[in-house]
Structure formats: structure tokens, C-alpha cells
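A.B. asks: Have a look at this one before I ask anything.
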Amino acid sequence: MQINNEKLYYVGGFVRDEILGLQSVDIDYCYEGNAIEFAKNMQIIRTNPDFGTVRVVLDGQEVDIASTRIEIYPKSGHLPVVKTLGCTLFEDLKRRDFTINALAKNTVTGEIIDYFNGLEDIKNKKLRVLHDLSFIDDPSRIVRGLKFSVRFGFELDNSTKKLQDLYLSNINYDISYHRLKKELKETFSLNNDKAFDKFINQGIYRLLGENQLIPRVEHNIGELNVQFGSKYPYMVYLGLFDLSRFELTYEEKEIIVNFERIKSSMPEDNISTYNLFNKVPLESILLYAISVNYEVAINYLTNLAKVEIATKGDDLLKLGIKQGPIYKEIFDYLLACKLENSSLTKDDEISMLKRRFGL
Ligand code: ATP
């Protein structure tokens, strides 16, 4: 189904990305008025009447159409509530985070609506909030600013930087950590160490909670994540901090718990290194690498983790050894030998075990 309505606009990241010449993953539409009413003849997937949003199929693709809305923050830093649905486009754009995200484009005329000088800021590579209370309303915008700054190579405009500094010098910790976590995860999934440097140097890490210790990192976390294929790259940045204020998934908790468990151990040979890291999530080992002992962890990941013994159960049967607890003893012994000398062949292994177990 085609739509042709002058009250329907592209908004937010889509318009920004188009101006920047970038491909946007999703298209956000905004209808000046009631979007659910507007979409009533379309193929509707779902609606959220509280927020006035509707998901529809448009040209074979699922897209969201939002009603223009005014939001208010009854409690600073907590989720906003909708005050008015179907307000003017101006009011809707005014509730947004940065001027570069407060642009709209008319779907019919193609006209760009730019009430807050977003186009100028895009040209000057500046991130500017729309009003002085912006970070107080929603401090997760500070992390969004960090995300956009590394993604696009933009800088905070001076007055916005001052507002950020002011907020970070007097943080309200009674906020929505859910939102903050979403933004942190997106930011550090960019796997970019510049984001990490800014996170520390600008004091943004303080948002995570009081009394955070500043980690000293001498290695490029992004490169390590890529080299070893982390599934949760953001955790190799964030796991260096105290995350107790955040609700973590099972996998995220496992990374932290394992890192806590191993971080004060200092193995002295290959066997104890292997035993320390065996079955530990990769991200915990990388956290160990960057904050405890790089060489030990990298030796495990590049060498020891790949060590395999060539002798199998069948070989032991052929040697006339009856199945039983002795098998584990033999395999442990061979693994220990192989960890010390990875060039051992199967013949070497067999002769060693014959000697050791008197076969
Ligand atoms: P991305 O490319 O990362 O998706 P985006 O700008 O599209 O970037 P979304 O999180 O999808 O980001 O948000 C869509 C739009 O909603 C933004 O462009 C912005 O206008 C507005 N927005 C999102 N989060 C906030 C926020 N915390 N405060 C104010 N406006 C926000």
C-alpha cells in the first residue's frame, strides 16, 4: 500500500543519516496527528495506544509510525510520560535529544523541516542539546552523545559540553538504568576505543554509579574483540566497572562472575593457566588480559586453548586398557604433557603414557 499524505514525515536518525549520505537501518515515520487513526486502512501489525504508535506494512516492509507527541518527565531521569498526543510537529521535534536528530522530512514534498538548526550542526559536526535541562531530564542522552560522537566523528558543542560537565559533577543516581544500559550497550558495541577514552576522560563513566574505579588500560580492546571474535564486545569495556546498578542478562552475569573469580589468580605455568581459563567465557578472559596479565591470557587464547591430544579412547582400548577412571587420569596426564610441548605426536603420546602407566 502506498501512502501519500503531507502530514506524514520521516524523522530522527533516518533524516540525519540521509543528509550524512549514510544508509539507515530503520525508517522512522511521524504523523502530525493521530497515527493510529491515520493507519486504520493499512495492514496493521500492532498498535501502542499509550504512545500513539503503530507498526504497519508499507511497500512490503514493516515500519513504525508515531503520532506527534509531547512528553514530560514527572521524575528527572526516569522514563517520560506522554502529555499530549497529536501535537504539532514542532512540539514533537522539541522533545528530542540533539538538534541533528530533531530534523523531519516531508514524505510528499521532500521539504526538510529544521526548527533547531540541525542542518547547520551536521555541517559543523556538532552535537547540541535542545534545552538546558536536557541531561537532567534524561542523562542517557550523555551516552547517546558519546555514541554519535564516535559514530560520526562529531564533537559536543561548547554549551552542551558545559551542560554535560555540570551534570556529571552532580549526578542524580535515582534514574532509569534500563535506558542507560541500552545506550551503553549500543555505544560499546561499536567496538571503538575512542569511545572508551572519551568515556573515561570526560567522566561519563561516573554515570554507572558512585565510587567507580578508573581502570588503566594499555591495550586496544576493540582489536582484541575482533581478533578473538567476542560475542559481547561491549562487556569487555563495561566489565571493567562496577555494574551492580544494572540488570544483566544471564550471559552478562556469567562474564562478570567468572572475571571476578579469576582476576586475583596468577598462574605460573601452562597447566595452571589452562585450568584457570578452561570453560571461562572469552569476554572474562579478555577482561583479565587487559586488566590483570595480558601475556598469560593471550598465551591461553592463541596457544593453549587450541591444544588437543591426539590419543583417543579407541587407542586406549587397543592398548588393552579397560574403560574406567584411569581414562581421565591418562587424558589429564597427556594434556599436561602436550601443554608443555605442543609438538608431541600421537606416537610420542603413546610412548609417554606407556612409560608413565607401566604398560
Ligand atoms: P540509530 O541510528 O542509532 O538508531 P537514531 O537516532 O535513529 O539512531 P533511535 O534510538 O532509534 O536513534 O531513536 C530515534 C529518534 O528518537 C532519535 O533520532 C531521536 O530523535 C529520538 N530519541 C531517541 N532517544 C532519545 C532520548 N533519549 N531523548 C530524546 N530523543 C530521543
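Letters A, B, ... mark the chains of the C-alpha cells in the order given; residue numbers begin at 1 per chain; ligand numbers begin at 1, in order shown.
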Env of A:Glu91: 9 Å cut, atoms = only C-alpha atoms, seq-sep filter 3 positions within chain, self excluded. Answer as a list in words.
C.D. replies: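 After dropping sequence-adjacent residues, the list is Thr68, Arg69, Ile70, Cys87, Thr88, Lys94 and Arg95 of chain A.
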A.B. asks: Can you tell me which residues surround A:Ser149 at a distance of at most 9 Å, considering only C-alpha atoms, apart from same-chain residues fewer than 4 positions away, and format the answer as number ranges by chain?
C.D. replies: A: 125-127, 144-145, 153-156, 195
A.B. asks: Put those residues in a file: N, CA, C and O atoms, as a PDB file, in the first residue's frame.
C.D. replies:
```
ATOM      1  N   LYS A 125      29.583  19.485  12.249  1.00  0.00           N
ATOM      2  CA  LYS A 125      29.895  18.282  13.041  1.00  0.00           C
ATOM      3  C   LYS A 125      29.739  18.524  14.539  1.00  0.00           C
ATOM      4  O   LYS A 125      30.631  18.225  15.342  1.00  0.00           O
ATOM      5  N   LYS A 126      28.614  19.138  14.903  1.00  0.00           N
ATOM      6  CA  LYS A 126      28.376  19.476  16.312  1.00  0.00           C
ATOM      7  C   LYS A 126      27.167  18.731  16.872  1.00  0.00           C
ATOM      8  O   LYS A 126      26.154  18.565  16.183  1.00  0.00           O
ATOM      9  N   LEU A 127      27.297  18.365  18.127  1.00  0.00           N
ATOM     10  CA  LEU A 127      26.162  17.767  18.843  1.00  0.00           C
ATOM     11  C   LEU A 127      25.671  18.794  19.843  1.00  0.00           C
ATOM     12  O   LEU A 127      26.440  19.242  20.708  1.00  0.00           O
ATOM     13  N   ARG A 144      24.263   8.783  24.588  1.00  0.00           N
ATOM     14  CA  ARG A 144      23.898   8.895  23.168  1.00  0.00           C
ATOM     15  C   ARG A 144      24.850   9.859  22.465  1.00  0.00           C
ATOM     16  O   ARG A 144      25.286   9.616  21.352  1.00  0.00           O
ATOM     17  N   GLY A 145      25.179  10.946  23.146  1.00  0.00           N
ATOM     18  CA  GLY A 145      26.116  11.929  22.578  1.00  0.00           C
ATOM     19  C   GLY A 145      27.460  11.269  22.300  1.00  0.00           C
ATOM     20  O   GLY A 145      28.060  11.473  21.229  1.00  0.00           O
ATOM     21  N   GLY A 153      32.103  11.084  14.135  1.00  0.00           N
ATOM     22  CA  GLY A 153      33.256  11.985  14.272  1.00  0.00           C
ATOM     23  C   GLY A 153      32.808  13.408  14.613  1.00  0.00           C
ATOM     24  O   GLY A 153      33.441  14.372  14.187  1.00  0.00           O
ATOM     25  N   PHE A 154      31.716  13.548  15.369  1.00  0.00           N
ATOM     26  CA  PHE A 154      31.224  14.863  15.783  1.00  0.00           C
ATOM     27  C   PHE A 154      31.748  15.197  17.184  1.00  0.00           C
ATOM     28  O   PHE A 154      32.188  14.322  17.907  1.00  0.00           O
ATOM     29  N   GLU A 155      31.675  16.484  17.547  1.00  0.00           N
ATOM     30  CA  GLU A 155      32.068  16.903  18.897  1.00  0.00           C
ATOM     31  C   GLU A 155      30.881  17.572  19.566  1.00  0.00           C
ATOM     32  O   GLU A 155      30.008  18.127  18.887  1.00  0.00           O
ATOM     33  N   LEU A 156      30.885  17.590  20.901  1.00  0.00           N
ATOM     34  CA  LEU A 156      29.838  18.332  21.606  1.00  0.00           C
ATOM     35  C   LEU A 156      30.084  19.816  21.385  1.00  0.00           C
ATOM     36  O   LEU A 156      31.235  20.267  21.448  1.00  0.00           O
ATOM     37  N   ALA A 195      35.701   5.735  21.956  1.00  0.00           N
ATOM     38  CA  ALA A 195      34.529   5.905  22.827  1.00  0.00           C
ATOM     39  C   ALA A 195      34.937   5.652  24.269  1.00  0.00           C
ATOM     40  O   ALA A 195      34.520   6.364  25.185  1.00  0.00           O
TER      41      ALA A 195
END
```
A.B. asks: Excluding stretch 239-244 of chain A and any residue of its chain fewer than 6 positions from it, enumerate the residues within 9 Å of it, using only C-alpha atoms, and give them as a list of chain:residue names.
C.D. replies: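 Listing them by chain and then by number gives A:Tyr205, A:Leu208, A:Gly209, A:Asn211, A:Gln212, A:Leu213, A:Ile214, A:Pro215, A:Glu252, A:Ile255, A:Ile256, A:Phe259, A:Glu283, A:Ser284, A:Leu287, A:Ser291.
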A.B. asks: Could the residues in this selection be saved with all heavy atoms as a compact mmCIF listing (two decimals), in the first residue's frame?
C.D. replies:
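To be explicit, this is the file written out as again01.txt:
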```txt
# COMPACT_ATOMS: atom_id res chain seq x y z
N TYR A 205 31.87 7.80 32.74
CA TYR A 205 31.79 6.52 33.47
C TYR A 205 31.12 6.71 34.84
O TYR A 205 30.57 5.77 35.40
CB TYR A 205 33.20 5.93 33.66
CG TYR A 205 34.05 6.71 34.63
CD1 TYR A 205 34.05 6.40 35.98
CD2 TYR A 205 34.80 7.82 34.21
CE1 TYR A 205 34.78 7.13 36.89
CE2 TYR A 205 35.53 8.56 35.10
CZ TYR A 205 35.52 8.22 36.44
OH TYR A 205 36.22 8.97 37.34
N LEU A 208 27.69 5.32 35.87
CA LEU A 208 27.45 3.92 36.21
C LEU A 208 27.16 3.73 37.69
O LEU A 208 26.64 2.69 38.09
CB LEU A 208 28.66 3.07 35.82
CG LEU A 208 29.10 3.10 34.36
CD1 LEU A 208 30.28 2.18 34.13
CD2 LEU A 208 27.97 2.70 33.44
N GLY A 209 27.55 4.69 38.51
CA GLY A 209 27.31 4.57 39.95
C GLY A 209 28.42 5.28 40.70
O GLY A 209 29.46 5.61 40.13
N ASN A 211 31.52 5.92 43.33
CA ASN A 211 32.78 5.23 43.69
C ASN A 211 33.29 4.24 42.65
O ASN A 211 33.75 3.16 42.97
CB ASN A 211 32.61 4.46 45.02
CG ASN A 211 32.09 5.38 46.11
OD1 ASN A 211 32.48 6.56 46.16
ND2 ASN A 211 31.21 4.87 46.95
N GLN A 212 33.18 4.60 41.40
CA GLN A 212 33.74 3.74 40.36
C GLN A 212 35.25 3.93 40.33
O GLN A 212 35.74 5.05 40.48
CB GLN A 212 33.17 4.13 38.98
CG GLN A 212 31.70 3.86 38.82
CD GLN A 212 31.40 2.39 38.59
OE1 GLN A 212 32.27 1.58 38.25
NE2 GLN A 212 30.14 2.02 38.80
N LEU A 213 35.98 2.86 40.13
CA LEU A 213 37.43 2.98 39.98
C LEU A 213 37.74 3.15 38.50
O LEU A 213 37.11 2.51 37.66
CB LEU A 213 38.12 1.72 40.50
CG LEU A 213 37.93 1.43 42.00
CD1 LEU A 213 38.53 0.09 42.35
CD2 LEU A 213 38.58 2.55 42.83
N ILE A 214 38.70 4.01 38.20
CA ILE A 214 39.05 4.20 36.78
C ILE A 214 40.06 3.13 36.38
O ILE A 214 41.15 3.06 36.94
CB ILE A 214 39.68 5.58 36.53
CG1 ILE A 214 38.76 6.67 37.08
CG2 ILE A 214 39.97 5.79 35.05
CD1 ILE A 214 39.32 8.06 36.96
N PRO A 215 39.69 2.27 35.40
CA PRO A 215 40.65 1.24 35.00
C PRO A 215 41.78 1.83 34.16
O PRO A 215 41.55 2.80 33.42
CB PRO A 215 39.80 0.28 34.16
CG PRO A 215 38.64 1.09 33.69
CD PRO A 215 38.44 2.21 34.65
N GLU A 252 25.70 -11.99 30.49
CA GLU A 252 26.47 -10.86 31.02
C GLU A 252 26.94 -11.14 32.45
O GLU A 252 28.08 -10.87 32.81
CB GLU A 252 25.64 -9.58 30.95
CG GLU A 252 25.37 -9.12 29.52
CD GLU A 252 24.25 -8.07 29.40
OE1 GLU A 252 23.52 -7.83 30.40
OE2 GLU A 252 24.09 -7.51 28.30
N ILE A 255 29.85 -13.51 32.55
CA ILE A 255 31.12 -12.85 32.21
C ILE A 255 31.70 -12.18 33.45
O ILE A 255 32.88 -12.33 33.78
CB ILE A 255 30.90 -11.83 31.06
CG1 ILE A 255 30.58 -12.59 29.76
CG2 ILE A 255 32.13 -10.93 30.89
CD1 ILE A 255 30.09 -11.73 28.62
N ILE A 256 30.85 -11.47 34.18
CA ILE A 256 31.32 -10.74 35.36
C ILE A 256 31.73 -11.71 36.48
O ILE A 256 32.80 -11.58 37.07
CB ILE A 256 30.21 -9.80 35.89
CG1 ILE A 256 29.84 -8.76 34.82
CG2 ILE A 256 30.62 -9.10 37.19
CD1 ILE A 256 30.99 -7.89 34.36
N PHE A 259 34.98 -13.39 35.65
CA PHE A 259 36.11 -12.45 35.74
C PHE A 259 36.46 -12.21 37.21
O PHE A 259 37.63 -12.24 37.59
CB PHE A 259 35.75 -11.15 35.01
CG PHE A 259 36.80 -10.08 35.17
CD1 PHE A 259 38.14 -10.35 34.93
CD2 PHE A 259 36.44 -8.79 35.56
CE1 PHE A 259 39.11 -9.36 35.09
CE2 PHE A 259 37.40 -7.80 35.72
CZ PHE A 259 38.75 -8.08 35.48
N GLU A 283 34.96 -13.33 26.98
CA GLU A 283 34.98 -11.93 27.41
C GLU A 283 35.62 -11.79 28.80
O GLU A 283 36.28 -10.78 29.07
CB GLU A 283 33.56 -11.35 27.41
CG GLU A 283 32.92 -11.21 26.02
CD GLU A 283 32.43 -12.53 25.42
OE1 GLU A 283 32.49 -13.57 26.11
OE2 GLU A 283 31.99 -12.52 24.26
N SER A 284 35.44 -12.78 29.68
CA SER A 284 36.08 -12.72 31.00
C SER A 284 37.60 -12.83 30.84
O SER A 284 38.36 -12.18 31.55
CB SER A 284 35.61 -13.87 31.90
OG SER A 284 34.23 -14.07 31.80
N LEU A 287 38.88 -9.56 29.69
CA LEU A 287 38.93 -8.61 30.81
C LEU A 287 40.19 -8.87 31.64
O LEU A 287 40.85 -7.93 32.09
CB LEU A 287 37.66 -8.75 31.67
CG LEU A 287 36.41 -8.11 31.09
CD1 LEU A 287 35.15 -8.62 31.77
CD2 LEU A 287 36.48 -6.58 31.23
N SER A 291 43.31 -6.16 32.15
CA SER A 291 43.44 -5.53 33.46
C SER A 291 44.29 -6.31 34.45
O SER A 291 44.60 -5.79 35.51
CB SER A 291 42.06 -5.28 34.06
OG SER A 291 41.41 -6.50 34.29
```
A.B. asks: With ligand 1 as the partner and 10 Å as the cut-off, tabulate the residues of chain A that qualify, each row holding the nearest pair of atoms and their distance in Å to one decimal, using only C-alpha atoms and all ligand atoms, sorted by chain and rising number, as a tab-separated table.
C.D. replies:
```
residue	atom	partner	partner_atom_place_in_ligand_line	distance
A:Val11	CA	ligand 1	18 (O)	7.0
A:Gly12	CA	ligand 1	18 (O)	3.4
A:Gly13	CA	ligand 1	7 (O)	3.6
A:Phe14	CA	ligand 1	7 (O)	6.2
A:Val15	CA	ligand 1	18 (O)	8.5
A:Arg16	CA	ligand 1	6 (O)	7.7
A:Asp17	CA	ligand 1	2 (O)	7.6
A:Leu22	CA	ligand 1	2 (O)	9.8
A:Gln23	CA	ligand 1	2 (O)	9.3
A:Ser24	CA	ligand 1	2 (O)	6.4
A:Val25	CA	ligand 1	2 (O)	6.9
A:Asp26	CA	ligand 1	4 (O)	7.1
A:Ile27	CA	ligand 1	7 (O)	8.0
A:Asp28	CA	ligand 1	14 (C)	7.1
A:Tyr29	CA	ligand 1	14 (C)	9.9
A:Glu71	CA	ligand 1	29 (C)	9.6
A:Gly77	CA	ligand 1	27 (N)	9.9
A:Leu79	CA	ligand 1	27 (N)	9.1
A:Pro80	CA	ligand 1	28 (N)	9.3
A:Asp92	CA	ligand 1	20 (O)	9.2
A:Leu93	CA	ligand 1	20 (O)	7.2
A:Lys94	CA	ligand 1	29 (C)	8.8
A:Arg95	CA	ligand 1	29 (C)	5.8
A:Arg96	CA	ligand 1	30 (N)	3.4
A:Asp97	CA	ligand 1	29 (C)	3.7
A:Phe98	CA	ligand 1	20 (O)	7.1
A:Thr99	CA	ligand 1	20 (O)	8.3
A:Ile100	CA	ligand 1	18 (O)	7.8
A:Asn101	CA	ligand 1	18 (O)	4.3
A:Ala102	CA	ligand 1	20 (O)	5.3
A:Leu103	CA	ligand 1	20 (O)	7.8
A:Ala104	CA	ligand 1	20 (O)	9.4
A:Val129	CA	ligand 1	29 (C)	9.3
A:Leu130	CA	ligand 1	29 (C)	9.5
A:Ser134	CA	ligand 1	28 (N)	8.1
A:Phe135	CA	ligand 1	28 (N)	9.0
A:Asp137	CA	ligand 1	28 (N)	8.6
A:Asp138	CA	ligand 1	27 (N)	6.2
A:Pro139	CA	ligand 1	27 (N)	8.0
A:Ser140	CA	ligand 1	27 (N)	6.0
A:Arg141	CA	ligand 1	27 (N)	5.2
A:Ile142	CA	ligand 1	27 (N)	9.0
A:Val143	CA	ligand 1	27 (N)	9.3
A:Arg144	CA	ligand 1	27 (N)	7.4
A:Gly145	CA	ligand 1	27 (N)	9.9
A:Lys147	CA	ligand 1	3 (O)	8.1
A:Phe148	CA	ligand 1	3 (O)	7.9
A:Arg151	CA	ligand 1	3 (O)	9.2
A:Arg179	CA	ligand 1	27 (N)	7.8
A:Leu180	CA	ligand 1	27 (N)	8.9
A:Lys182	CA	ligand 1	10 (O)	9.3
A:Glu183	CA	ligand 1	10 (O)	8.3
A:Glu186	CA	ligand 1	3 (O)	7.6
A:Thr187	CA	ligand 1	3 (O)	9.0
```
A.B. asks: Have a look at atom CA of A:Asn34 and atom CA of A:Gly86 and let me know their distance in Å, one decimal.
C.D. replies: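 Separation of atom CA of A:Asn34 and atom CA of A:Gly86: 5.2 Å.
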A.B. asks: Figure out the distance between atom CA of A:Gly118 and atom CA of A:Ile136, please, to one decimal in Å.
C.D. replies: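 Rounded to one decimal, the two atoms are 21.4 Å apart.
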A.B. asks: Considering only C-alpha atoms, return as a PyMOL selection string whatever protein or nucleic-acid residues lie within 7 Å of stretch 260-265 of chain A, sequence-local ones (same chain, fewer than 3 positions apart) excluded.
C.D. replies: chain A and resi 256-257+276+288+292
A.B. asks: I need the residues from that last selection saved to file as a PDB file, in the first residue's frame (with N, CA and C atoms), if you can.
C.D. replies:
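result-v4.pdb, freshly written:
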```
ATOM      1  N   ILE A 256      30.848 -11.471  34.182  1.00  0.00           N
ATOM      2  CA  ILE A 256      31.319 -10.741  35.364  1.00  0.00           C
ATOM      3  C   ILE A 256      31.731 -11.708  36.480  1.00  0.00           C
ATOM      4  N   VAL A 257      30.879 -12.695  36.740  1.00  0.00           N
ATOM      5  CA  VAL A 257      31.163 -13.633  37.835  1.00  0.00           C
ATOM      6  C   VAL A 257      32.478 -14.374  37.572  1.00  0.00           C
ATOM      7  N   LEU A 276      42.911 -22.498  34.722  1.00  0.00           N
ATOM      8  CA  LEU A 276      42.245 -21.259  35.148  1.00  0.00           C
ATOM      9  C   LEU A 276      41.224 -20.780  34.113  1.00  0.00           C
ATOM     10  N   TYR A 288      40.507 -10.120  31.827  1.00  0.00           N
ATOM     11  CA  TYR A 288      41.731 -10.486  32.549  1.00  0.00           C
ATOM     12  C   TYR A 288      42.948  -9.968  31.769  1.00  0.00           C
ATOM     13  N   VAL A 292      44.667  -7.567  34.128  1.00  0.00           N
ATOM     14  CA  VAL A 292      45.482  -8.327  35.089  1.00  0.00           C
ATOM     15  C   VAL A 292      46.816  -8.717  34.454  1.00  0.00           C
TER      16      VAL A 292
END
```
A.B. asks: Please, which residues of stretch 224-304 of chain A, numbered as in this document, come out alpha helix (DSSP H) from DSSP, as a PyMOL selection string?
C.D. replies: chain A and resi 224-228+233-238+250-262+270-277+282-291+294-302
A.B. asks: In terms of the shortest atom-to-atom distance over only C-alpha atoms, which of A:Ile175, A:Leu316, A:Val82, A:Leu335 is closest to A:Ile350?
C.D. replies: A:Leu316
A.B. asks: Give me, as a ChimeraX atom specification, all polymer residues having an atom no more than 12 Å from A:Gly358, counting only C-alpha atoms and skipping those fewer than 4 positions away in the same chain.
C.D. replies: /A:319,321,330,350-354
A.B. asks: Nearest residue to A:Leu8 out of A:Thr109, A:Ile271, A:Phe51, A:Ser76, using only C-alpha atoms?
C.D. replies: A:Thr109
A.B. asks: Measuring atom to atom with only C-alpha atoms, identify which of A:Thr160, A:Ile290, A:Leu168, A:Val54 is nearest to A:Asn220.
C.D. replies: A:Ile290
A.B. asks: In Å, rounded to a single decimal, give me how far atom CA of A:Lys181 is from atom CA of A:Phe90.
C.D. replies: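 A separation of 29.1 Å between them.
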A.B. asks: With only C-alpha atoms as the basis for distance, which of A:Ala289, A:Leu224, A:Val296, A:Ala336 is at the shortest distance from A:Glu308?
C.D. replies: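 Under the stated criterion, the closest residue is A:Ala336.
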A.B. asks: Can you check which residues of stretch 102-206 of chain A DSSP gives as strand (DSSP E) on the backbone and send them as a list in words?
C.D. replies: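 Across stretch 102-206 of chain A, those assigned strand (DSSP E) are Ala104, Lys105, Asn106, Ile112, Ile113, Lys126, Leu127, Glu155 and Leu156 of chain A.
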A.B. asks: Would you write out those residues with N, CA, C and O atoms, as a tab-separated table (two decimals), in the first residue's frame?
C.D. replies:
```
chain	number	residue	atom	x	y	z
A	104	ALA	N	13.06	16.72	10.37
A	104	ALA	CA	12.00	15.93	9.75
A	104	ALA	C	12.02	16.20	8.25
A	104	ALA	O	12.55	17.23	7.80
A	105	LYS	N	11.49	15.24	7.50
A	105	LYS	CA	11.42	15.44	6.04
A	105	LYS	C	10.02	15.05	5.60
A	105	LYS	O	9.56	13.93	5.91
A	106	ASN	N	9.38	15.96	4.91
A	106	ASN	CA	8.01	15.69	4.45
A	106	ASN	C	8.03	14.57	3.41
A	106	ASN	O	8.80	14.63	2.45
A	112	ILE	N	12.74	19.63	3.99
A	112	ILE	CA	13.37	19.32	5.28
A	112	ILE	C	12.89	20.35	6.30
A	112	ILE	O	12.96	21.56	6.06
A	113	ILE	N	12.40	19.87	7.43
A	113	ILE	CA	11.93	20.76	8.50
A	113	ILE	C	13.05	20.82	9.53
A	113	ILE	O	13.44	19.80	10.10
A	126	LYS	N	28.61	19.14	14.90
A	126	LYS	CA	28.38	19.48	16.31
A	126	LYS	C	27.17	18.73	16.87
A	126	LYS	O	26.15	18.57	16.18
A	127	LEU	N	27.30	18.36	18.13
A	127	LEU	CA	26.16	17.77	18.84
A	127	LEU	C	25.67	18.79	19.84
A	127	LEU	O	26.44	19.24	20.71
A	155	GLU	N	31.68	16.48	17.55
A	155	GLU	CA	32.07	16.90	18.90
A	155	GLU	C	30.88	17.57	19.57
A	155	GLU	O	30.01	18.13	18.89
A	156	LEU	N	30.88	17.59	20.90
A	156	LEU	CA	29.84	18.33	21.61
A	156	LEU	C	30.08	19.82	21.39
A	156	LEU	O	31.24	20.27	21.45
```
A.B. asks: Given only C-alpha atoms as the basis, pick out the residue of A:Phe152, A:Phe116, A:Leu207, A:Asn48 nearest to A:Gly21.
C.D. replies: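 Nearest candidate to A:Gly21 out of A:Phe152, A:Phe116, A:Leu207, A:Asn48: A:Phe152.
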